$ cat model-v4.pdb   # PDB, C-alpha atoms
ATOM      1  CA  MET Y  54      75.097 -86.151  12.953
ATOM      2  CA  PRO Y  55      71.360 -86.419  12.198
ATOM      3  CA  ARG Y  56      70.223 -86.453   8.600
ATOM      4  CA  ARG Y  57      69.514 -82.960   7.305
ATOM      5  CA  LEU Y  58      66.050 -82.575   5.862
ATOM      6  CA  ASN Y  59      66.250 -82.055   2.105
ATOM      7  CA  LEU Y  60      63.746 -79.223   1.845
ATOM      8  CA  PRO Y  61      63.292 -77.454  -1.504
ATOM      9  CA  GLU Y  62      64.853 -73.994  -1.375
ATOM     10  CA  SER Y  63      61.689 -72.388  -2.744
ATOM     11  CA  VAL Y  64      59.681 -73.454   0.310
ATOM     12  CA  SER Y  65      62.278 -73.134   3.051
ATOM     13  CA  ALA Y  66      63.532 -69.615   2.296
ATOM     14  CA  ALA Y  67      64.464 -67.259   5.107
ATOM     15  CA  ASN Y  68      66.084 -63.851   4.881
ATOM     16  CA  ALA Y  69      69.141 -62.794   6.860
ATOM     17  CA  THR Y  70      68.870 -59.870   9.279
ATOM     18  CA  THR Y  71      71.460 -58.822  11.865
ATOM     19  CA  GLY Y  72      73.897 -61.391  13.178
ATOM     20  CA  ALA Y  73      72.737 -65.000  12.876
ATOM     21  CA  ARG Y  74      69.015 -64.202  12.989
ATOM     22  CA  LEU Y  75      66.856 -65.177  10.013
ATOM     23  CA  ILE Y  76      63.338 -63.993   9.170
ATOM     24  CA  ALA Y  77      60.853 -66.146   7.255
ATOM     25  CA  PRO Y  78      58.004 -63.936   5.956
ATOM     26  CA  SER Y  79      55.443 -66.729   6.362
ATOM     27  CA  ALA Y  80      56.382 -67.094  10.025
ATOM     28  CA  GLU Y  81      55.690 -63.410  10.585
ATOM     29  CA  ARG Y  82      52.283 -63.640   8.915
ATOM     30  CA  ASN Y  83      50.921 -66.589  10.855
ATOM     31  CA  ALA Y  84      52.612 -66.182  14.249
ATOM     32  CA  ALA Y  85      49.737 -64.443  16.063
ATOM     33  CA  ALA Y  86      47.068 -66.884  14.872
ATOM     34  CA  ILE Y  87      49.173 -69.938  15.726
ATOM     35  CA  THR Y  88      50.072 -68.598  19.163
ATOM     36  CA  GLU Y  89      46.429 -67.876  19.978
ATOM     37  CA  ALA Y  90      45.284 -71.328  18.846
ATOM     38  CA  LEU Y  91      48.108 -73.076  20.670
ATOM     39  CA  ALA Y  92      47.439 -71.203  23.917
ATOM     40  CA  SER Y  93      43.822 -72.388  23.790
ATOM     41  CA  ILE Y  94      44.813 -76.061  23.952
ATOM     42  CA  ALA Y  95      48.201 -76.063  25.705
ATOM     43  CA  PRO Y  96      48.611 -77.488  29.211
ATOM     44  CA  ALA Y  97      49.325 -74.898  31.891
ATOM     45  CA  THR Y  98      52.670 -76.335  32.991
ATOM     46  CA  GLY Y  99      55.327 -78.821  31.947
ATOM     47  CA  CYS Y 100      57.938 -79.204  29.230
ATOM     48  CA  ALA Y 101      57.160 -78.086  25.666
ATOM     49  CA  LEU Y 102      59.227 -79.156  22.658
ATOM     50  CA  GLU Y 103      58.983 -77.521  19.245
ATOM     51  CA  LEU Y 104      60.146 -79.764  16.416
ATOM     52  CA  ALA Y 105      61.913 -78.259  13.389
ATOM     53  CA  SER Y 106      61.839 -74.743  14.840
ATOM     54  CA  GLY Y 107      63.222 -73.184  11.652
ATOM     55  CA  THR Y 108      64.270 -69.581  12.144
ATOM     56  CA  GLY Y 109      63.150 -69.464  15.797
ATOM     57  CA  GLN Y 110      60.592 -66.692  15.309
ATOM     58  CA  HIS Y 111      57.588 -68.607  16.654
ATOM     59  CA  ILE Y 112      58.924 -70.075  19.849
ATOM     60  CA  VAL Y 113      59.763 -66.729  21.469
ATOM     61  CA  GLY Y 114      56.095 -65.748  21.169
ATOM     62  CA  PHE Y 115      55.026 -69.132  22.529
ATOM     63  CA  ALA Y 116      57.254 -68.767  25.579
ATOM     64  CA  ARG Y 117      55.948 -65.272  26.296
ATOM     65  CA  SER Y 118      52.292 -66.247  25.859
ATOM     66  CA  MET Y 119      52.526 -69.535  27.794
ATOM     67  CA  PRO Y 120      54.958 -68.769  30.641
ATOM     68  CA  GLY Y 121      53.980 -71.821  32.709
ATOM     69  CA  LEU Y 122      55.599 -74.095  30.129
ATOM     70  CA  THR Y 123      59.341 -74.625  29.791
ATOM     71  CA  TRP Y 124      60.082 -74.334  26.074
ATOM     72  CA  ARG Y 125      62.813 -76.064  24.080
ATOM     73  CA  PRO Y 126      63.255 -75.485  20.318
ATOM     74  CA  SER Y 127      64.955 -78.036  18.089
ATOM     75  CA  GLU Y 128      66.465 -78.027  14.623
ATOM     76  CA  VAL Y 129      68.697 -80.171  12.413
ATOM     77  CA  ASP Y 130      70.072 -77.416  10.155
ATOM     78  CA  PRO Y 131      73.041 -75.615  11.815
ATOM     79  CA  VAL Y 132      72.369 -72.247  10.156
ATOM     80  CA  ARG Y 133      68.783 -72.230  11.398
ATOM     81  CA  ALA Y 134      69.898 -73.498  14.802
ATOM     82  CA  ALA Y 135      72.186 -70.467  15.042
ATOM     83  CA  SER Y 136      69.220 -68.228  14.188
ATOM     84  CA  ILE Y 137      67.094 -69.871  16.885
ATOM     85  CA  ASP Y 138      69.895 -69.427  19.409
ATOM     86  CA  ALA Y 139      70.124 -65.728  18.534
ATOM     87  CA  TYR Y 140      66.378 -65.251  19.100
ATOM     88  CA  VAL Y 141      66.547 -67.171  22.387
ATOM     89  CA  MET Y 142      69.465 -65.112  23.662
ATOM     90  CA  GLU Y 143      67.825 -61.818  22.670
ATOM     91  CA  ALA Y 144      64.529 -62.762  24.356
ATOM     92  CA  ALA Y 145      66.303 -63.777  27.596
ATOM     93  CA  LEU Y 146      63.229 -65.600  28.916
ATOM     94  CA  ALA Y 147      63.660 -67.900  31.906
ATOM     95  CA  ASN Y 148      61.316 -70.501  30.377
ATOM     96  CA  LEU Y 149      63.011 -70.619  26.965
ATOM     97  CA  HIS Y 150      66.116 -72.769  26.413
ATOM     98  CA  PRO Y 151      68.646 -73.037  23.556
ATOM     99  CA  PRO Y 152      67.863 -75.394  20.666
ATOM    100  CA  LEU Y 153      68.460 -79.120  20.603
ATOM    101  CA  GLU Y 154      70.117 -80.661  17.539
ATOM    102  CA  LEU Y 155      67.314 -82.992  16.503
ATOM    103  CA  ASP Y 156      66.058 -84.540  13.262
ATOM    104  CA  ALA Y 157      62.361 -85.075  13.937
ATOM    105  CA  THR Y 158      62.107 -87.625  11.100
ATOM    106  CA  ALA Y 159      64.831 -89.920  12.471
ATOM    107  CA  PRO Y 160      63.890 -92.906  14.639
ATOM    108  CA  GLY Y 161      64.853 -93.047  18.319
ATOM    109  CA  TRP Y 162      64.591 -89.472  19.536
ATOM    110  CA  GLY Y 163      61.292 -89.964  21.380
ATOM    111  CA  ALA Y 164      62.891 -92.166  24.035
ATOM    112  CA  ARG Y 165      65.717 -89.658  24.549
ATOM    113  CA  HIS Y 166      63.402 -86.663  25.031
ATOM    114  CA  GLY Y 167      60.507 -88.100  26.980
ATOM    115  CA  GLY Y 168      58.199 -86.397  29.460
ATOM    116  CA  GLN Y 169      56.915 -83.667  27.136
ATOM    117  CA  ALA Y 170      53.622 -82.051  28.134
ATOM    118  CA  LEU Y 171      53.365 -80.448  24.676
ATOM    119  CA  ILE Y 172      55.002 -81.056  21.301
ATOM    120  CA  VAL Y 173      54.532 -78.494  18.528
ATOM    121  CA  LEU Y 174      55.137 -78.989  14.807
ATOM    122  CA  ILE Y 175      54.633 -76.149  12.327
ATOM    123  CA  ASN Y 176      54.705 -76.398   8.537
ATOM    124  CA  LEU Y 177      56.745 -79.559   8.153
ATOM    125  CA  LEU Y 178      54.549 -82.535   7.208
ATOM    126  CA  HIS Y 179      54.062 -81.312   3.632
ATOM    127  CA  LEU Y 180      57.844 -81.027   3.255
ATOM    128  CA  VAL Y 181      58.667 -84.629   4.191
ATOM    129  CA  SER Y 182      57.568 -88.027   2.924
ATOM    130  CA  THR Y 183      54.676 -90.067   4.281
ATOM    131  CA  ARG Y 184      57.126 -92.522   5.839
ATOM    132  CA  GLU Y 185      59.037 -89.693   7.528
ATOM    133  CA  SER Y 186      55.722 -88.286   8.785
ATOM    134  CA  GLN Y 187      54.881 -91.666  10.309
ATOM    135  CA  VAL Y 188      58.241 -91.841  12.063
ATOM    136  CA  LEU Y 189      57.909 -88.271  13.338
ATOM    137  CA  ILE Y 190      54.449 -88.869  14.780
ATOM    138  CA  SER Y 191      55.445 -92.201  16.326
ATOM    139  CA  GLU Y 192      58.497 -90.659  17.992
ATOM    140  CA  ALA Y 193      56.473 -87.654  19.188
ATOM    141  CA  ALA Y 194      53.938 -90.001  20.776
ATOM    142  CA  ALA Y 195      56.795 -91.807  22.556
ATOM    143  CA  ALA Y 196      58.115 -88.471  23.863
ATOM    144  CA  LEU Y 197      54.801 -87.292  25.339
ATOM    145  CA  ALA Y 198      54.121 -87.520  29.043
ATOM    146  CA  THR Y 199      50.869 -89.132  30.134
ATOM    147  CA  GLY Y 200      48.129 -86.699  29.124
ATOM    148  CA  GLY Y 201      50.531 -84.759  26.885
ATOM    149  CA  ARG Y 202      49.437 -83.182  23.626
ATOM    150  CA  ILE Y 203      50.873 -82.752  20.140
ATOM    151  CA  ALA Y 204      49.844 -79.758  18.032
ATOM    152  CA  ILE Y 205      50.436 -79.949  14.266
ATOM    153  CA  TYR Y 206      49.919 -76.907  12.033
ATOM    154  CA  GLY Y 207      50.068 -76.578   8.270
ATOM    155  CA  PRO Y 208      48.294 -77.049   4.940
ATOM    156  CA  PHE Y 209      46.427 -80.325   4.393
ATOM    157  CA  LEU Y 210      44.330 -82.115   1.803
ATOM    158  CA  ARG Y 211      40.640 -82.669   2.583
ATOM    159  CA  ASP Y 212      39.242 -85.872   1.082
ATOM    160  CA  GLY Y 213      42.318 -86.073  -1.109
ATOM    161  CA  ALA Y 214      41.964 -82.583  -2.595
ATOM    162  CA  THR Y 215      43.345 -79.106  -1.997
ATOM    163  CA  THR Y 216      40.913 -76.320  -1.081
ATOM    164  CA  SER Y 217      42.227 -73.479  -3.258
ATOM    165  CA  GLU Y 218      44.014 -72.909  -6.540
ATOM    166  CA  GLY Y 219      47.008 -71.513  -4.668
ATOM    167  CA  ASP Y 220      47.263 -74.657  -2.552
ATOM    168  CA  ALA Y 221      46.922 -76.852  -5.636
ATOM    169  CA  GLN Y 222      49.793 -75.021  -7.331
ATOM    170  CA  PHE Y 223      51.981 -75.138  -4.219
ATOM    171  CA  ASP Y 224      51.345 -78.850  -3.686
ATOM    172  CA  ALA Y 225      52.103 -79.565  -7.349
ATOM    173  CA  SER Y 226      55.354 -77.575  -7.140
ATOM    174  CA  LEU Y 227      56.454 -79.576  -4.109
ATOM    175  CA  ARG Y 228      55.743 -82.908  -5.789
ATOM    176  CA  ALA Y 229      57.529 -81.755  -8.944
ATOM    177  CA  GLN Y 230      60.687 -81.145  -6.914
ATOM    178  CA  ASP Y 231      60.347 -84.356  -4.885
ATOM    179  CA  PRO Y 232      57.519 -86.832  -5.594
ATOM    180  CA  GLU Y 233      57.731 -88.211  -2.051
ATOM    181  CA  ILE Y 234      56.656 -84.954  -0.403
ATOM    182  CA  GLY Y 235      53.532 -82.779  -0.669
ATOM    183  CA  TYR Y 236      50.336 -82.107   1.255
ATOM    184  CA  LYS Y 237      49.122 -84.903   3.525
ATOM    185  CA  ASP Y 238      45.425 -85.728   3.834
ATOM    186  CA  VAL Y 239      43.714 -84.862   7.126
ATOM    187  CA  LEU Y 240      42.300 -88.382   7.424
ATOM    188  CA  GLY Y 241      45.684 -89.940   6.748
ATOM    189  CA  VAL Y 242      47.349 -87.858   9.450
ATOM    190  CA  SER Y 243      44.526 -88.654  11.873
ATOM    191  CA  ASN Y 244      45.123 -92.359  11.189
ATOM    192  CA  MET Y 245      48.866 -91.919  11.818
ATOM    193  CA  LEU Y 246      48.135 -90.272  15.166
ATOM    194  CA  GLN Y 247      45.783 -93.015  16.268
ATOM    195  CA  GLU Y 248      48.162 -95.759  15.092
ATOM    196  CA  ALA Y 249      50.775 -94.133  17.337
ATOM    197  CA  GLY Y 250      48.424 -94.496  20.312
ATOM    198  CA  LEU Y 251      47.090 -90.946  20.369
ATOM    199  CA  SER Y 252      43.448 -89.901  20.467
ATOM    200  CA  PRO Y 253      41.646 -88.569  17.351
ATOM    201  CA  PRO Y 254      42.667 -84.956  16.651
ATOM    202  CA  ASN Y 255      40.596 -81.902  17.370
ATOM    203  CA  ILE Y 256      40.767 -79.975  14.087
ATOM    204  CA  LEU Y 257      40.818 -76.170  14.184
ATOM    205  CA  LYS Y 258      40.429 -74.089  11.027
ATOM    206  CA  MET Y 259      43.170 -71.491  10.649
ATOM    207  CA  PRO Y 260      43.798 -68.567   8.261
ATOM    208  CA  ALA Y 261      44.900 -69.217   4.663
ATOM    209  CA  ASN Y 262      43.179 -72.636   4.505
ATOM    210  CA  ASN Y 263      45.538 -74.123   7.076
ATOM    211  CA  LEU Y 264      44.564 -76.418   9.952
TER     212      LEU Y 264
END

$ encode --input "model-v4.pdb" --output "structure tokens"
Amino acid sequence: MPRRLNLPESVSAANATTGARLIAPSAERNAAAITEALASIAPATGCALELASGTGQHIVGFARSMPGLTWRPSEVDPVRAASIDAYVMEAALANLHPPLELDATAPGWGARHGGQALIVLINLLHLVSTRESQVLISEAAAALATGGRIAIYGPFLRDGATTSEGDAQFDASLRAQDPEIGYKDVLGVSNMLQEAGLSPPNILKMPANNL
């Protein structure tokens, strides 16, 4: 079994609906903006892997908006994997497959899931340690096909600082619960990407101070 990510309950909350499906309010709020931004940079065809898919709310929209890609969600938590599976079954899209059991912060998965035209990561880097972020990015780079892309979304530090009082409070609350997690700096993540053999990132500004 892969290691389960030890996410603080206050930042990983999702509400039950019918059956196994969960709804995370933050996923509802940012889904349209993320889908639009992702569609603008995604390759037209190939395999697309979402890491740490959470409730499964986002990937259904991705599969509908980018039908040329074959989408595969992944998750390490069995309750959330069941939620993803419920969304996938309800959507019944030919280009959307059931979730993989995958810990994105564990070494070795990149070689097992190679050939990805696109890898997507949403709202996870601030919930794991710097070392786990390095492993995740290194493994993602190993899983990409030649010319493949990785898209990372979430809140980040700029020049070592948050950009709003709300972000400062959220970052402080994360570090209070686990001093190894918290917002990562944009420059630091860019360095991780380039150390993994990827090109410098194209940074897009998103709603609510996210990138």

$ resolve_selection --input "model-v4.pdb" --expression "the PyMOL selection byres ((chain Y and resi 161) around 12)" --output "ChimeraX atom specification"
/Y:55,155-160,162-167,188-196

$ closest_residue --input "model-v4.pdb" --among "Y:Met259, Y:Val113, Y:Ala229, Y:Val242" --to "Y:Ile87" --atoms "only C-alpha atoms"
Y:Met259

$ closest_residue --input "model-v4.pdb" --among "Y:Thr216, Y:Ser106, Y:Asn263, Y:Thr199" --to "Y:His179" --atoms "only C-alpha atoms"
Y:Asn263

$ resolve_selection --input "model-v4.pdb" --expression "the PyMOL selection byres ((chain Y and resi 233-236) around 12)" --output "JSON, numbers by chain"
{"Y": [58, 59, 60, 61, 64, 176, 177, 178, 179, 180, 181, 182, 183, 184, 185, 186, 206, 207, 208, 209, 210, 211, 212, 213, 214, 215, 216, 220, 221, 222, 223, 224, 225, 226, 227, 228, 229, 230, 231, 232, 237, 238, 239, 240, 241, 242, 263, 264]}

$ resolve_selection --input "model-v4.pdb" --expression "the PyMOL selection byres ((chain Y and resi 127) around 9)" --output "list in words"
Leu102, Glu103, Leu104, Ala105, Ser106, Gly107, Arg125, Pro126, Glu128, Val129, Ala134, Ile137, Pro151, Pro152, Leu153, Glu154, Leu155, Asp156 and Ala157 of chain Y

$ atom_distance --input "model-v4.pdb" --atom1 "atom CA of Y:Arg117" --atom2 "atom CA of Y:Val141"
11.5 Å

$ build_atoms --input "model-v4.pdb" --residues "stretch 121-132 of chain Y" --atoms "all heavy atoms" --output "compact mmCIF listing (two decimals), in the frame of the given file"
# COMPACT_ATOMS: atom_id res chain seq x y z
N GLY Y 121 53.94 -70.68 31.81
CA GLY Y 121 53.98 -71.82 32.71
C GLY Y 121 54.70 -73.02 32.13
O GLY Y 121 55.07 -73.95 32.85
N LEU Y 122 54.90 -73.02 30.80
CA LEU Y 122 55.60 -74.10 30.13
C LEU Y 122 57.08 -73.76 29.97
O LEU Y 122 57.45 -72.60 29.77
CB LEU Y 122 54.99 -74.34 28.74
CG LEU Y 122 53.59 -74.96 28.73
CD1 LEU Y 122 52.96 -74.81 27.35
CD2 LEU Y 122 53.64 -76.44 29.13
N THR Y 123 57.91 -74.78 30.05
CA THR Y 123 59.34 -74.62 29.79
C THR Y 123 59.60 -75.06 28.36
O THR Y 123 59.42 -76.23 28.02
CB THR Y 123 60.17 -75.48 30.76
OG1 THR Y 123 59.89 -75.08 32.09
CG2 THR Y 123 61.65 -75.32 30.48
N TRP Y 124 60.02 -74.13 27.51
CA TRP Y 124 60.08 -74.33 26.07
C TRP Y 124 61.49 -74.70 25.61
O TRP Y 124 62.47 -74.09 26.02
CB TRP Y 124 59.63 -73.08 25.34
CG TRP Y 124 58.16 -72.83 25.49
CD1 TRP Y 124 57.53 -72.14 26.49
CD2 TRP Y 124 57.13 -73.30 24.62
NE1 TRP Y 124 56.18 -72.16 26.30
CE2 TRP Y 124 55.90 -72.86 25.15
CE3 TRP Y 124 57.13 -74.04 23.44
CZ2 TRP Y 124 54.68 -73.14 24.55
CZ3 TRP Y 124 55.92 -74.32 22.83
CH2 TRP Y 124 54.71 -73.87 23.39
N ARG Y 125 61.54 -75.67 24.69
CA ARG Y 125 62.81 -76.06 24.08
C ARG Y 125 62.61 -76.17 22.57
O ARG Y 125 61.84 -77.00 22.09
CB ARG Y 125 63.26 -77.41 24.62
CG ARG Y 125 64.49 -77.97 23.94
CD ARG Y 125 65.78 -77.34 24.42
NE ARG Y 125 66.15 -77.80 25.74
CZ ARG Y 125 67.30 -77.53 26.34
NH1 ARG Y 125 68.21 -76.79 25.72
NH2 ARG Y 125 67.56 -77.97 27.55
N PRO Y 126 63.29 -75.33 21.78
CA PRO Y 126 63.26 -75.48 20.32
C PRO Y 126 64.19 -76.61 19.89
O PRO Y 126 65.04 -77.06 20.66
CB PRO Y 126 63.75 -74.13 19.81
CG PRO Y 126 64.63 -73.63 20.92
CD PRO Y 126 64.09 -74.19 22.21
N SER Y 127 64.04 -77.04 18.65
CA SER Y 127 64.96 -78.04 18.09
C SER Y 127 65.09 -77.81 16.60
O SER Y 127 64.20 -77.26 15.95
CB SER Y 127 64.47 -79.46 18.37
OG SER Y 127 63.28 -79.75 17.66
N GLU Y 128 66.21 -78.24 16.05
CA GLU Y 128 66.46 -78.03 14.62
C GLU Y 128 67.63 -78.92 14.20
O GLU Y 128 68.52 -79.21 15.00
CB GLU Y 128 66.80 -76.55 14.36
CG GLU Y 128 67.08 -76.19 12.93
CD GLU Y 128 65.97 -76.57 11.96
OE1 GLU Y 128 64.80 -76.18 12.20
OE2 GLU Y 128 66.27 -77.27 10.98
N VAL Y 129 67.62 -79.35 12.94
CA VAL Y 129 68.70 -80.17 12.41
C VAL Y 129 69.68 -79.35 11.58
O VAL Y 129 70.86 -79.70 11.48
CB VAL Y 129 68.14 -81.35 11.59
CG1 VAL Y 129 67.46 -80.86 10.32
CG2 VAL Y 129 69.20 -82.38 11.28
N ASP Y 130 69.22 -78.24 11.01
CA ASP Y 130 70.07 -77.42 10.15
C ASP Y 130 70.89 -76.44 11.02
O ASP Y 130 70.32 -75.67 11.78
CB ASP Y 130 69.20 -76.63 9.17
CG ASP Y 130 70.05 -75.80 8.21
OD1 ASP Y 130 70.44 -74.69 8.60
OD2 ASP Y 130 70.31 -76.26 7.10
N PRO Y 131 72.23 -76.45 10.92
CA PRO Y 131 73.04 -75.61 11.82
C PRO Y 131 72.86 -74.11 11.61
O PRO Y 131 72.97 -73.34 12.58
CB PRO Y 131 74.49 -76.05 11.50
CG PRO Y 131 74.42 -76.71 10.17
CD PRO Y 131 73.06 -77.31 10.06
N VAL Y 132 72.58 -73.67 10.39
CA VAL Y 132 72.37 -72.25 10.16
C VAL Y 132 71.09 -71.79 10.85
O VAL Y 132 71.05 -70.73 11.50
CB VAL Y 132 72.31 -71.95 8.64
CG1 VAL Y 132 71.93 -70.50 8.39
CG2 VAL Y 132 73.65 -72.27 7.99
